$ cat entry03.txt   # compact mmCIF, C-alpha atoms
# COMPACT_ATOMS: atom_id res chain seq x y z
CA MET A 1 17.01 10.16 -8.06
CA LYS A 2 17.03 11.13 -4.39
CA ARG A 3 14.14 9.75 -2.37
CA PHE A 4 14.10 12.62 0.07
CA LYS A 5 14.25 16.36 -0.51
CA SER A 6 16.83 16.86 2.24
CA ASP A 7 18.97 14.83 4.63
CA ASN A 8 17.18 16.41 7.56
CA GLY A 9 13.82 15.49 6.04
CA GLN A 10 14.92 11.85 5.77
CA LYS A 11 16.08 11.94 9.40
CA LEU A 12 12.71 13.31 10.56
CA ILE A 13 10.79 10.69 8.54
CA TYR A 14 12.92 7.79 9.83
CA GLU A 15 12.66 8.93 13.46
CA SER A 16 8.90 9.27 13.11
CA TYR A 17 8.77 5.86 11.36
CA ASP A 18 10.46 4.27 14.39
CA ARG A 19 8.00 5.92 16.78
CA LEU A 20 5.08 4.61 14.74
CA LEU A 21 6.53 1.10 14.79
CA ALA A 22 6.84 1.35 18.58
CA GLY A 23 3.08 1.97 18.60
CA TRP A 24 2.30 -1.32 16.87
CA ALA A 25 1.96 -2.99 20.30
CA VAL A 26 2.84 -6.44 18.90
CA PRO A 27 6.23 -8.15 18.65
CA TYR A 28 7.85 -7.66 15.26
CA GLU A 29 11.17 -8.21 13.53
CA SER A 30 12.96 -6.02 10.99
CA HIS A 31 14.77 -7.55 8.01
CA ASN A 32 16.98 -6.01 5.34
CA ILE A 33 16.77 -8.25 2.27
CA SER A 34 19.32 -7.92 -0.51
CA THR A 35 17.59 -7.94 -3.92
CA SER A 36 18.66 -7.19 -7.48
CA TYR A 37 17.21 -3.70 -7.05
CA GLY A 38 18.72 -2.80 -3.70
CA ILE A 39 18.02 -3.48 -0.02
CA THR A 40 14.36 -4.10 0.77
CA HIS A 41 13.23 -3.44 4.33
CA VAL A 42 10.61 -5.91 5.59
CA ILE A 43 8.77 -6.16 8.90
CA THR A 44 7.44 -9.55 10.05
CA ALA A 45 4.95 -10.28 12.83
CA GLY A 46 2.90 -13.26 13.91
CA SER A 47 3.84 -16.91 14.32
CA PRO A 48 5.90 -18.50 11.52
CA ASP A 49 3.44 -21.41 11.71
CA LEU A 50 0.58 -19.23 10.43
CA PRO A 51 -0.15 -18.79 6.71
CA PRO A 52 1.91 -15.94 5.21
CA LEU A 53 0.19 -12.66 4.32
CA LEU A 54 2.17 -10.20 2.20
CA LEU A 55 1.20 -6.58 2.94
CA LEU A 56 1.82 -3.96 0.22
CA HIS A 57 1.38 -0.24 0.83
CA GLY A 58 0.64 2.70 -1.48
CA THR A 59 2.86 5.10 -3.41
CA GLY A 60 3.72 7.72 -0.79
CA ASP A 61 3.36 5.50 2.25
CA ASN A 62 5.44 2.97 4.19
CA VAL A 63 5.00 -0.04 6.43
CA ALA A 64 5.00 1.80 9.76
CA MET A 65 2.28 4.25 8.74
CA MET A 66 0.13 1.96 6.59
CA TRP A 67 -0.45 -0.98 8.92
CA ILE A 68 -0.44 0.61 12.37
CA TYR A 69 -4.14 -0.15 12.96
CA ASN A 70 -4.11 -3.56 11.25
CA VAL A 71 -1.04 -5.52 12.28
CA ALA A 72 -2.25 -6.62 15.72
CA GLU A 73 -5.40 -8.35 14.46
CA LEU A 74 -3.91 -9.65 11.22
CA SER A 75 -0.86 -11.11 12.98
CA ARG A 76 -3.16 -13.25 15.12
CA ASN A 77 -4.30 -14.98 11.93
CA PHE A 78 -1.30 -14.73 9.58
CA ARG A 79 2.46 -14.55 9.44
CA ILE A 80 2.73 -10.91 8.37
CA ILE A 81 5.34 -9.95 5.78
CA ALA A 82 5.04 -6.16 5.41
CA VAL A 83 7.25 -4.67 2.70
CA ASP A 84 8.60 -1.12 2.38
CA ASN A 85 8.36 -0.42 -1.36
CA ILE A 86 11.77 0.00 -2.89
CA GLY A 87 11.96 3.62 -4.04
CA GLY A 88 9.30 4.55 -1.47
CA SER A 89 9.31 6.56 1.75
CA GLY A 90 10.22 3.68 4.06
CA LYS A 91 13.60 2.13 4.84
CA SER A 92 14.25 0.22 1.60
CA GLU A 93 17.29 1.52 -0.31
CA PRO A 94 17.24 1.23 -4.14
CA ASN A 95 20.39 0.75 -6.18
CA ASP A 96 21.33 1.85 -9.71
CA ARG A 97 19.57 -1.12 -11.33
CA TYR A 98 16.26 0.00 -9.80
CA ALA A 99 16.53 3.21 -11.82
CA ARG A 100 17.38 1.35 -15.06
CA ASP A 101 15.43 -1.88 -15.12
CA PHE A 102 12.93 -2.41 -12.30
CA LYS A 103 10.58 -5.40 -12.57
CA GLN A 104 8.03 -5.63 -9.76
CA ALA A 105 7.36 -9.37 -10.01
CA GLU A 106 11.04 -10.30 -9.92
CA TRP A 107 11.53 -8.03 -6.91
CA LEU A 108 8.67 -9.73 -5.03
CA ASP A 109 9.99 -13.16 -6.08
CA GLU A 110 13.30 -12.38 -4.42
CA ILE A 111 11.62 -11.17 -1.21
CA LEU A 112 9.49 -14.31 -0.90
CA GLU A 113 12.47 -16.55 -1.64
CA ALA A 114 14.51 -14.79 1.06
CA MET A 115 11.62 -15.36 3.49
CA ASN A 116 11.37 -19.06 2.44
CA VAL A 117 7.76 -18.58 1.29
CA ASP A 118 6.44 -20.55 -1.68
CA THR A 119 2.82 -19.34 -1.84
CA VAL A 120 1.23 -16.34 -0.21
CA TYR A 121 -1.92 -14.39 0.50
CA ILE A 122 -1.66 -10.68 -0.35
CA ALA A 123 -3.43 -7.55 0.89
CA GLY A 124 -2.55 -4.24 -0.76
CA VAL A 125 -3.77 -0.66 -0.48
CA SER A 126 -3.99 1.80 -3.41
CA TYR A 127 -0.85 1.16 -5.51
CA GLY A 128 -0.39 -1.91 -3.31
CA ALA A 129 -3.76 -3.16 -4.58
CA TYR A 130 -2.46 -2.87 -8.14
CA LEU A 131 0.75 -4.65 -7.16
CA ALA A 132 -1.31 -7.47 -5.58
CA TYR A 133 -3.31 -8.19 -8.73
CA HIS A 134 -0.28 -7.64 -10.98
CA TYR A 135 1.63 -10.31 -9.06
CA ALA A 136 -1.37 -12.65 -9.02
CA ILE A 137 -1.63 -12.36 -12.83
CA VAL A 138 2.07 -12.89 -13.62
CA ARG A 139 2.78 -15.41 -10.82
CA PRO A 140 -0.51 -17.33 -10.44
CA ASP A 141 1.16 -20.35 -8.83
CA ARG A 142 2.63 -18.25 -6.02
CA VAL A 143 -0.57 -16.45 -4.97
CA ASN A 144 -3.41 -18.04 -3.02
CA LYS A 145 -5.76 -15.05 -2.74
CA ILE A 146 -5.56 -11.25 -2.90
CA VAL A 147 -7.52 -8.49 -1.17
CA CYS A 148 -7.26 -5.16 -3.01
CA LEU A 149 -8.12 -2.20 -0.76
CA ALA A 150 -8.80 1.29 -2.13
CA GLY A 151 -7.90 0.22 -5.66
CA GLY A 152 -9.64 -1.21 -8.70
CA ILE A 153 -8.63 -2.58 -12.10
CA SER A 154 -6.70 0.17 -13.91
CA GLY A 155 -8.27 1.21 -17.22
CA SER A 156 -5.60 3.56 -18.60
CA GLN A 157 -2.54 5.53 -17.54
CA PHE A 158 -4.45 8.78 -18.15
CA GLU A 159 -7.29 7.67 -15.90
CA VAL A 160 -4.88 6.82 -13.08
CA MET A 161 -3.02 10.15 -13.34
CA SER A 162 -6.16 12.28 -13.64
CA LYS A 163 -7.61 10.73 -10.49
CA MET A 164 -4.33 11.27 -8.63
CA MET A 165 -4.24 14.93 -9.65
CA ARG A 166 -7.85 15.48 -8.67
CA ALA A 167 -7.30 13.94 -5.25
CA PHE A 168 -3.93 15.42 -4.29
CA LEU A 169 -3.80 18.83 -5.94
CA PRO A 170 -3.33 21.59 -5.06
CA GLU A 171 -2.77 20.75 -1.39
CA ALA A 172 0.13 18.31 -1.91
CA LEU A 173 2.11 20.99 -3.77
CA PHE A 174 2.05 23.26 -0.72
CA PRO A 175 2.28 20.93 2.30
CA SER A 176 1.61 23.35 5.14
CA GLU A 177 0.04 21.85 8.23
CA ARG A 178 -3.26 23.43 7.18
CA ASN A 179 -3.10 21.94 3.69
CA VAL A 180 -2.08 18.54 5.03
CA ARG A 181 -5.19 18.47 7.21
CA LYS A 182 -7.34 19.68 4.31
CA LEU A 183 -5.94 16.98 2.01
CA LEU A 184 -6.48 14.34 4.66
CA ARG A 185 -10.15 15.27 4.93
CA LYS A 186 -10.47 15.09 1.13
CA LEU A 187 -9.05 11.59 1.11
CA CYS A 188 -10.72 10.14 4.20
CA GLY A 189 -14.44 10.69 3.89
CA THR A 190 -16.05 10.90 7.34
CA HIS A 191 -13.29 9.10 9.24
CA ALA A 192 -10.40 11.58 9.25
CA ASP A 193 -10.27 11.26 13.04
CA ALA A 194 -8.35 8.00 12.53
CA PHE A 195 -5.43 10.32 11.73
CA GLU A 196 -6.40 13.50 13.55
CA ASN A 197 -6.70 11.71 16.90
CA ASN A 198 -3.18 10.25 16.48
CA PRO A 199 -0.65 13.12 16.63
CA GLU A 200 2.30 10.91 15.64
CA LEU A 201 0.47 9.64 12.57
CA MET A 202 -0.44 13.20 11.58
CA GLN A 203 3.16 14.32 12.07
CA HIS A 204 4.44 11.48 9.89
CA TRP A 205 1.91 12.26 7.13
CA TYR A 206 3.08 15.88 7.19
CA TYR A 207 6.75 14.84 6.96
CA LEU A 208 6.05 12.56 3.99
CA LEU A 209 4.26 15.27 2.04
CA LYS A 210 6.93 17.81 2.85
CA TYR A 211 10.13 15.77 2.47
CA PHE A 212 9.50 12.62 0.39
CA ASN A 213 10.12 12.83 -3.37
CA ASN A 214 7.25 10.87 -4.96
CA ARG A 215 9.08 10.78 -8.30
CA SER A 216 11.37 8.10 -6.87
CA MET A 217 8.38 5.72 -7.14
CA MET A 218 7.97 6.32 -10.89
CA LYS A 219 9.72 3.03 -11.71
CA HIS A 220 6.70 1.27 -10.21
CA THR A 221 4.79 1.41 -13.49
CA ILE A 222 1.19 0.30 -14.11
CA THR A 223 0.40 -2.37 -16.71
CA ILE A 224 -3.07 -2.25 -18.26
CA TYR A 225 -4.24 -5.87 -18.43
CA SER A 226 -6.66 -7.49 -20.84
CA ALA A 227 -10.05 -8.81 -19.69
CA ALA A 228 -8.72 -12.36 -20.11
CA ASP A 229 -5.76 -11.65 -17.81
CA VAL A 230 -8.01 -10.09 -15.17
CA GLN A 231 -10.62 -12.83 -15.32
CA ALA A 232 -7.91 -15.45 -14.79
CA ILE A 233 -7.60 -14.22 -11.17
CA ARG A 234 -11.33 -13.64 -10.60
CA ASP A 235 -11.82 -16.50 -8.15
CA LYS A 236 -8.89 -15.48 -5.96
CA SER A 237 -9.61 -11.72 -5.81
CA LEU A 238 -11.62 -9.40 -3.56
CA PHE A 239 -11.82 -5.62 -4.01
CA VAL A 240 -12.88 -3.36 -1.12
CA MET A 241 -13.27 0.40 -1.56
CA GLY A 242 -14.95 3.30 0.16
CA GLU A 243 -17.84 5.14 -1.44
CA GLN A 244 -16.05 8.44 -0.72
CA ASP A 245 -12.73 7.34 -2.22
CA LEU A 246 -11.78 9.95 -4.85
CA LEU A 247 -9.11 7.68 -6.35
CA SER A 248 -10.78 4.29 -6.73
CA TYR A 249 -14.57 4.66 -6.50
CA TYR A 250 -16.13 6.08 -9.67
CA PRO A 251 -18.49 4.71 -12.33
CA LYS A 252 -15.86 3.38 -14.77
CA ALA A 253 -13.98 1.58 -12.01
CA VAL A 254 -17.08 -0.14 -10.67
CA ALA A 255 -18.21 -1.00 -14.21
CA ARG A 256 -14.85 -2.74 -14.86
CA LEU A 257 -15.20 -4.84 -11.73
CA LYS A 258 -18.71 -5.84 -12.75
CA ALA A 259 -17.76 -6.55 -16.37
CA ASN A 260 -14.96 -8.85 -15.23
CA GLY A 261 -17.12 -10.64 -12.69
CA MET A 262 -14.91 -9.57 -9.81
CA ARG A 263 -16.04 -9.87 -6.22
CA TYR A 264 -16.15 -6.46 -4.56
CA ARG A 265 -17.58 -4.48 -1.65
CA ILE A 266 -18.30 -0.77 -1.43
CA VAL A 267 -18.04 0.59 2.12
CA LYS A 268 -20.35 3.43 3.16
CA ASP A 269 -18.68 6.64 4.43
CA ALA A 270 -15.12 5.33 3.92
CA GLY A 271 -12.49 7.06 1.80
CA HIS A 272 -9.07 6.20 0.37
CA ALA A 273 -7.45 5.45 3.76
CA ILE A 274 -9.95 2.64 4.28
CA ASN A 275 -7.73 0.38 6.38
CA HIS A 276 -7.10 3.25 8.82
CA GLU A 277 -10.69 4.50 8.78
CA VAL A 278 -12.56 1.21 9.28
CA PRO A 279 -9.90 -1.30 10.38
CA GLU A 280 -12.29 -3.81 11.95
CA LEU A 281 -14.24 -4.12 8.71
CA VAL A 282 -11.02 -4.49 6.72
CA HIS A 283 -9.78 -7.24 9.05
CA GLU A 284 -13.10 -9.05 8.71
CA GLU A 285 -12.89 -8.93 4.90
CA ILE A 286 -9.25 -10.05 4.70
CA ILE A 287 -9.54 -12.86 7.22
CA GLY A 288 -12.93 -14.05 6.01
CA PHE A 289 -11.99 -14.10 2.33
CA CYS A 290 -8.62 -15.77 2.84
CA ARG A 291 -10.14 -18.47 5.06
CA GLU A 292 -12.84 -19.41 2.56
CA ALA A 293 -12.37 -22.82 0.99
$ encode --input "entry03.txt" --output "structure tokens"
Amino acid sequence: MKRFKSDNGQKLIYESYDRLLAGWAVPYESHNISTSYGITHVITAGSPDLPPLLLLHGTGDNVAMMWIYNVAELSRNFRIIAVDNIGGSGKSEPNDRYARDFKQAEWLDEILEAMNVDTVYIAGVSYGAYLAYHYAIVRPDRVNKIVCLAGGISGSQFEVMSKMMRAFLPEALFPSERNVRKLLRKLCGTHADAFENNPELMQHWYYLLKYFNNRSMMKHTITIYSAADVQAIRDKSLFVMGEQDLLSYYPKAVARLKANGMRYRIVKDAGHAINHEVPELVHEEIIGFCREA
């Protein structure tokens, strides 16, 4: 399945991606890691002597867009390993095996092995939050702590899809510049200016909605875990979500966190793009939680 709706669309997204990376304002390195599922593009930043922090983005996003407001502060405290999801809108290139037999944990294993990392902290946003707790559950010895942003414990496939449809439709079906701005304001709560005041970020968001084929991420499936599985990672997990997040903040989601004894924080006025909207608060939560004994 093609990741992009046209060759020109891919070109526009990649050129915009590079401009966003240039705006990171910290030194970084790009890596192309060969995995069983294709080439995975990874950006690293921060001293190799710092503890490693794996950064995982959401379904329709990529490294350059997701972490633009976070990498400077986080790389002062961690060795950042920011991954473009294979099958996603970044610069990772899936192969035929990805389409047939993709296993998220094995893919992440191979990335960490290529980076010579044994154990890791993880911060993920939206689908990246799911991927963080999924990996913590199936690879407990490799994960120190996880911070799940704009994502809770999934209750059912139907629940996940219904929330996605409510948040993204109808605007995402007709990605005009007007609809892109309207969708952004739906997703962001009161902090849409984090995007609207950054023309390059807005342009990239528009290109992704217009030219990226989200179906290429369908191999990134969601496993519904038992209470016992979830509670096994309770002491190493923190969930942070905005009170205006249409995708992750709703009564059932909060009830599941409470029922499983998970540590969580609800952030006033923030929406689904929480790490763009309130980056200083997000940095405080990630750094503070990961540094706790």
$ atom_distance --input "entry03.txt" --atom1 "CA of Arg215 in chain A" --atom2 "CA of Arg3 in chain A"
7.9 Å
$ closest_residue --input "entry03.txt" --among "A:Glu196, A:Ser156, A:Tyr211, A:Lys236" --to "Arg142 in chain A" --atoms "only C-alpha atoms"
A:Lys236
$ residues_around --input "entry03.txt" --residues "range 31-39 of chain A" --least-positions-apart "4" --cutoff "9 Å" --atoms "only C-alpha atoms" --output "ChimeraX atom specification"
/A:43-44,86,91-99,101-103,106-107,110-111,114-115
$ axis_aligned_box --input "entry03.txt" --around "range 95-113 of chain A" --padding-each-side "4 Å" --output "JSON"
{"center_x": 14.3, "center_y": -6.7, "center_z": -8.0, "size_x": 22.0, "size_y": 27.8, "size_z": 22.2}
$ residues_around --input "entry03.txt" --residues "range 129-133 of chain A" --least-positions-apart "3" --cutoff "7 Å" --atoms "all atoms listed in the file" --output "list in words"
Ile122, Ala123, Gly124, Val125, Ser126, Ala136, Ile137, Ile146, Cys148, Leu149 and Gly151 of chain A
$ residues_around --input "entry03.txt" --residues "Ile224 in chain A" --least-positions-apart "6" --cutoff "10 Å" --atoms "all atoms listed in the file" --output "PDB file with C-alpha atoms, in the coordinates of the input"
ATOM      1  CA  HIS A 134      -0.280  -7.640 -10.980  1.00  0.00           C
ATOM      2  CA  ILE A 153      -8.630  -2.580 -12.100  1.00  0.00           C
ATOM      3  CA  SER A 154      -6.700   0.170 -13.910  1.00  0.00           C
ATOM      4  CA  GLY A 155      -8.270   1.210 -17.220  1.00  0.00           C
ATOM      5  CA  SER A 156      -5.600   3.560 -18.600  1.00  0.00           C
ATOM      6  CA  GLN A 157      -2.540   5.530 -17.540  1.00  0.00           C
ATOM      7  CA  VAL A 230      -8.010 -10.090 -15.170  1.00  0.00           C
TER       8      VAL A 230
END
$ residues_near_point --input "entry03.txt" --point "(5.0, 6.4, 17.7)" --cutoff "10 Å" --atoms "all atoms listed in the file" --output "PDB file with C-alpha atoms, keeping the file's coordinate frame"
ATOM      1  CA  GLU A  15      12.660   8.930  13.460  1.00  0.00           C
ATOM      2  CA  SER A  16       8.900   9.270  13.110  1.00  0.00           C
ATOM      3  CA  TYR A  17       8.770   5.860  11.360  1.00  0.00           C
ATOM      4  CA  ASP A  18      10.460   4.270  14.390  1.00  0.00           C
ATOM      5  CA  ARG A  19       8.000   5.920  16.780  1.00  0.00           C
ATOM      6  CA  LEU A  20       5.080   4.610  14.740  1.00  0.00           C
ATOM      7  CA  LEU A  21       6.530   1.100  14.790  1.00  0.00           C
ATOM      8  CA  ALA A  22       6.840   1.350  18.580  1.00  0.00           C
ATOM      9  CA  GLY A  23       3.080   1.970  18.600  1.00  0.00           C
ATOM     10  CA  TRP A  24       2.300  -1.320  16.870  1.00  0.00           C
ATOM     11  CA  ALA A  64       5.000   1.800   9.760  1.00  0.00           C
ATOM     12  CA  MET A  65       2.280   4.250   8.740  1.00  0.00           C
ATOM     13  CA  ILE A  68      -0.440   0.610  12.370  1.00  0.00           C
ATOM     14  CA  ASN A 198      -3.180  10.250  16.480  1.00  0.00           C
ATOM     15  CA  PRO A 199      -0.650  13.120  16.630  1.00  0.00           C
ATOM     16  CA  GLU A 200       2.300  10.910  15.640  1.00  0.00           C
ATOM     17  CA  LEU A 201       0.470   9.640  12.570  1.00  0.00           C
ATOM     18  CA  GLN A 203       3.160  14.320  12.070  1.00  0.00           C
ATOM     19  CA  HIS A 204       4.440  11.480   9.890  1.00  0.00           C
TER      20      HIS A 204
END
$ build_atoms --input "entry03.txt" --residues "range 215-228 of chain A" --atoms "N, CA, C and O atoms" --output "compact mmCIF listing (two decimals), keeping the file's coordinate frame"
# COMPACT_ATOMS: atom_id res chain seq x y z
N ARG A 215 8.57 11.20 -6.99
CA ARG A 215 9.08 10.78 -8.30
C ARG A 215 9.99 9.56 -8.20
O ARG A 215 10.20 8.86 -9.20
N SER A 216 10.51 9.28 -7.03
CA SER A 216 11.37 8.10 -6.87
C SER A 216 10.57 6.80 -6.96
O SER A 216 11.15 5.72 -7.06
N MET A 217 9.23 6.91 -6.96
CA MET A 217 8.38 5.72 -7.14
C MET A 217 7.95 5.54 -8.59
O MET A 217 7.17 4.63 -8.90
N MET A 218 8.44 6.38 -9.50
CA MET A 218 7.97 6.32 -10.89
C MET A 218 8.36 5.02 -11.60
O MET A 218 7.76 4.68 -12.62
N LYS A 219 9.33 4.30 -11.09
CA LYS A 219 9.72 3.03 -11.71
C LYS A 219 8.69 1.94 -11.43
O LYS A 219 8.72 0.88 -12.07
N HIS A 220 7.80 2.20 -10.48
CA HIS A 220 6.70 1.27 -10.21
C HIS A 220 5.58 1.57 -11.21
O HIS A 220 4.59 2.23 -10.89
N THR A 221 5.74 1.09 -12.42
CA THR A 221 4.79 1.41 -13.49
C THR A 221 3.53 0.55 -13.38
O THR A 221 3.50 -0.48 -12.69
N ILE A 222 2.49 0.99 -14.09
CA ILE A 222 1.19 0.30 -14.11
C ILE A 222 1.02 -0.36 -15.48
O ILE A 222 1.13 0.30 -16.51
N THR A 223 0.74 -1.65 -15.49
CA THR A 223 0.40 -2.37 -16.71
C THR A 223 -1.11 -2.46 -16.84
O THR A 223 -1.80 -2.79 -15.87
N ILE A 224 -1.63 -2.14 -18.01
CA ILE A 224 -3.07 -2.25 -18.26
C ILE A 224 -3.32 -3.65 -18.82
O ILE A 224 -2.88 -3.98 -19.91
N TYR A 225 -4.04 -4.47 -18.06
CA TYR A 225 -4.24 -5.87 -18.43
C TYR A 225 -5.51 -6.07 -19.22
O TYR A 225 -6.49 -5.34 -19.07
N SER A 226 -5.49 -7.12 -20.05
CA SER A 226 -6.66 -7.49 -20.84
C SER A 226 -7.73 -8.12 -19.93
O SER A 226 -7.44 -8.56 -18.81
N ALA A 227 -8.96 -8.18 -20.43
CA ALA A 227 -10.05 -8.81 -19.69
C ALA A 227 -9.71 -10.27 -19.39
O ALA A 227 -10.01 -10.77 -18.29
N ALA A 228 -9.08 -10.95 -20.32
CA ALA A 228 -8.72 -12.36 -20.11
C ALA A 228 -7.74 -12.51 -18.96
O ALA A 228 -7.86 -13.42 -18.13
